[in-house]
Amino acid sequence: MRILMIGDIVGQPGRTAVKAMLDKIKINYRVDFTVANGENAAGGIGITEAIYRDLMALGIDVLTMGNHVWDKKEVMDFIDREDRILRPANYPGNPPGRGIGLFQVKDFGLIGIANISGRVFMNDLDCPFKTADSCIDELKKDTEAILVDFHAEATSEKVAMGWYLDGKVSAVIGTHTHVQTADERVLPEGTAYITDVGMTGPINSVIGVDKDLVIQKFLTQMPTRFSVAGGPMVLSAVVIELDIVSGQATSIERIYEILPD
């Protein structure tokens, strides 16, 4: 079974890249199931119901989120009734939505998806490691095939999570920093890992934002209203091959496809 995980979709350019390239990528890489991080899909922060439905219509099977999940307040109106959008499972209390899900992959069987947020340089949520344990315990009642979107800032926290979950899940895929790393590998106990899958959006930017605005912010330290950049677009992703019975990954391959302006 081959799973495609698409990196953070940023604004209209990111959605355009998905629309233009997803079908071709699915054919070329023989993809059976597609997951994407959509926490930046609406103007660079958050998501709306219309954009969620548009992304699903393009052929994404599950949308994961992150620290921007609540930035568009209308998400509160639909996240509870839509089972193909996941928010970080380690928000404390009982927030709207769900952090894990079970999904049918063609005739292969069920795959479990968990969305978890890091805490280093981010919001002080519940422990991501203990949350991962509880998510895995729940998902393993029905399947051994589990993918974790670990939405985190610090490289050390992501690497630690990869090692912590090695042999417990099929894949630990880092999101959030928007810069694709070159450390993809299958860990010794059969878990596919990458520190960050990268960004799907404008390539001539600073993690999706107009580069001139970001440079001005660094130079002046004055408040600056950011906007999503334009120009050529990139789709960053990984394809993971795994055995749905054992849950072990056999390969992970990076994708970095540029769509000219």
# chains A, B, ... in the order shown; residues from 1 in each chain; ligands from 1
>>> closest_atom_pairs(of="range 134-209 of chain A", to="range 61-84 of chain A", cutoff="12 Å", atoms="only C-alpha atoms", output="Markdown table")
| residue | atom | partner | partner_atom | distance |
| --- | --- | --- | --- | --- |
| A:Leu147 | CA | A:Thr64 | CA | 11.1 |
| A:Val148 | CA | A:Thr64 | CA | 9.8 |
| A:Asp149 | CA | A:Thr64 | CA | 7.3 |
| A:Phe150 | CA | A:Gly66 | CA | 8.8 |
| A:His151 | CA | A:Gly66 | CA | 5.9 |
| A:Ala152 | CA | A:Gly66 | CA | 8.5 |
| A:Glu153 | CA | A:Asn67 | CA | 10.5 |
| A:Ile173 | CA | A:Thr64 | CA | 11.4 |
| A:Gly174 | CA | A:Gly66 | CA | 11.1 |
| A:Thr175 | CA | A:Gly66 | CA | 8.5 |
| A:His176 | CA | A:Gly66 | CA | 7.5 |
| A:Thr177 | CA | A:Gly66 | CA | 11.2 |
>>> write_last_selection(atoms="C-alpha atoms", output="compact mmCIF listing (two decimals), in the first residue's frame")
# COMPACT_ATOMS: atom_id res chain seq x y z
CA LEU A 147 0.51 7.41 10.14
CA VAL A 148 1.32 10.25 12.54
CA ASP A 149 1.46 13.87 11.36
CA PHE A 150 3.71 15.44 14.00
CA HIS A 151 3.21 19.19 13.62
CA ALA A 152 6.19 20.63 15.46
CA GLU A 153 8.84 23.36 15.34
CA ILE A 173 5.87 12.65 9.19
CA GLY A 174 6.94 16.09 10.39
CA THR A 175 5.03 19.20 9.31
CA HIS A 176 4.93 22.92 10.29
CA THR A 177 8.33 24.40 9.35
>>> select_by_dssp(residues="range 80-196 of chain A", states="strand (DSSP E or B)", output="JSON, numbers by chain")
{"A": [85, 86, 100, 101, 102, 103, 104, 105, 109, 110, 111, 112, 113, 114, 115, 116, 117, 146, 147, 148, 149, 150, 151, 166, 169, 171, 172, 173, 174, 175, 185, 186, 192, 193, 194]}
>>> select_by_dssp(residues="range 47-135 of chain A", states="alpha helix (DSSP H)", output="JSON, numbers by chain")
{"A": [49, 50, 51, 52, 53, 54, 55, 56, 57, 75, 76, 77, 78, 128, 129, 130, 131, 132, 133, 134, 135]}
>>> residues_around(residues="range 95-107 of chain A", least_positions_apart="5", cutoff="8 Å", atoms="only C-alpha atoms", output="ChimeraX atom specification")
/A:32-33,76,79-81,83-90,112-116,135,139
>>> closest_residue(among="A:Asp142, A:Asp23, A:Asp196, A:Asp210", to="Arg254 in chain A", atoms="only C-alpha atoms")
A:Asp196
>>> closest_residue(among="A:Ser117, A:Asn123, A:Ser236, A:Gln216", to="Leu4 in chain A", atoms="only C-alpha atoms")
A:Ser236
>>> closest_residue(among="A:Ala182, A:Ile146, A:Met1, A:Val228", to="Gly167 in chain A", atoms="only C-alpha atoms")
A:Ile146
>>> residues_around(residues="Ala20 in chain A", least_positions_apart="5", cutoff="10 Å", atoms="only C-alpha atoms", output="list in words")
Gly14, Arg15, Ile25, Leu58, Leu235 and Leu259 of chain A
